[in-house]
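Novice: Dropping a structure here in structure tokens format, bear with me for questions.
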Amino acid sequence: MAYDFLGLSNDVAGRLNEVQMTSANFATVTGVSQNIKEAVNSSIRHINQSHFHWPFNHNTEEEILSAGVSRYSLAENIKYVDFGSFRVKRNTTLNVGEGRRLNQINYSEYLSTYLDQEYETDSTKGGVPRNVVRTPDMGFVIVPMPNLAYTIQYEQYMDPVDLIEATDVPTIPERFRHVIIDGAMYYTYMFRDNIEMAGMSQNKFDNGVKQMRTLLTNEYAYFRGA
């Protein structure tokens, strides 16, 4: 079966000897089939929330700054932002001869030292960004305020949204399809109040997530002799 919401849901339906869904009726199914769809999303959500730094949820964001604007917002579905990764892209047109990493300063220091830049109306008094500040409202401030449309990049880990359409594909790699299914079986049995089968499925699911951590997030330092 295809690795998408429909295929995953039908994997679970097959294990339960339930009727297979089709692309034609997938959006309108009810009862057991709807519970299976909810269970698949619950499983995927559980996996995504069980570790902050899943590599499959990592991406590099790029934003073009506006001259005279200091404060910027982050996407709502961001789980974690690496503020140590903020950098200005090289742009010889804007006199940025080489990419440079921004230093992170804390919000208190920003308020004490640089706050007045937010009230400056003359954008020409800004410059090439040197610092970034994490704000309490899940945003960031650039210091000094940009005087031109510089491009910054930063790395982040997303918290993916639920699958909706039959053809939606999870960010989790297909080789871990069985882990998603084991989790969906656990949630399906919980919906059915089958505690014994839910417990067995939960054990397989938990072991699968642990194996994912071992394969994807363990870091090893290798030393090679001269």
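Please note that chains go A, B, ... in the order of the structure tokens, that every chain numbers its residues from 1, and that ligands are numbered from 1 in the order shown.
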Which residues are near segment 124-137 of chain A? Cut-off 10 Å, only C-alpha atoms, ignore same chain within fewer than 5 positions. Put them as a ChimeraX atom specification.
Specialist: /A:65,67-74,81,83-84,86-88,94-96,100-110,117,142-152
Novice: Excluding Asn218 of chain A and residues on its chain fewer than 6 positions from it, collect all residues at most 12 Å away from it, counting only C-alpha atoms, and give them as a ChimeraX atom specification.
Specialist: /A:51,53-55,210-212
Novice: Show me, as a ChimeraX atom specification, the residues that have an atom within 12 Å of Ile181 of chain A when counting only C-alpha atoms, minus same-chain residues fewer than 6 positions from it.
Specialist: /A:3,5,7-16,36-37,39-44,47,174-175,187-188,201-202,204-206,208-209
Novice: Counting only C-alpha atoms, figure out which residue out of A:Asp159, A:Asp116, A:Asp168, A:Asp182 gets nearest to Asn77 of chain A.
Specialist: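 Checking each of A:Asp159, A:Asp116, A:Asp168, A:Asp182 against Asn77 of chain A, counting only C-alpha atoms, the winner is A:Asp159.
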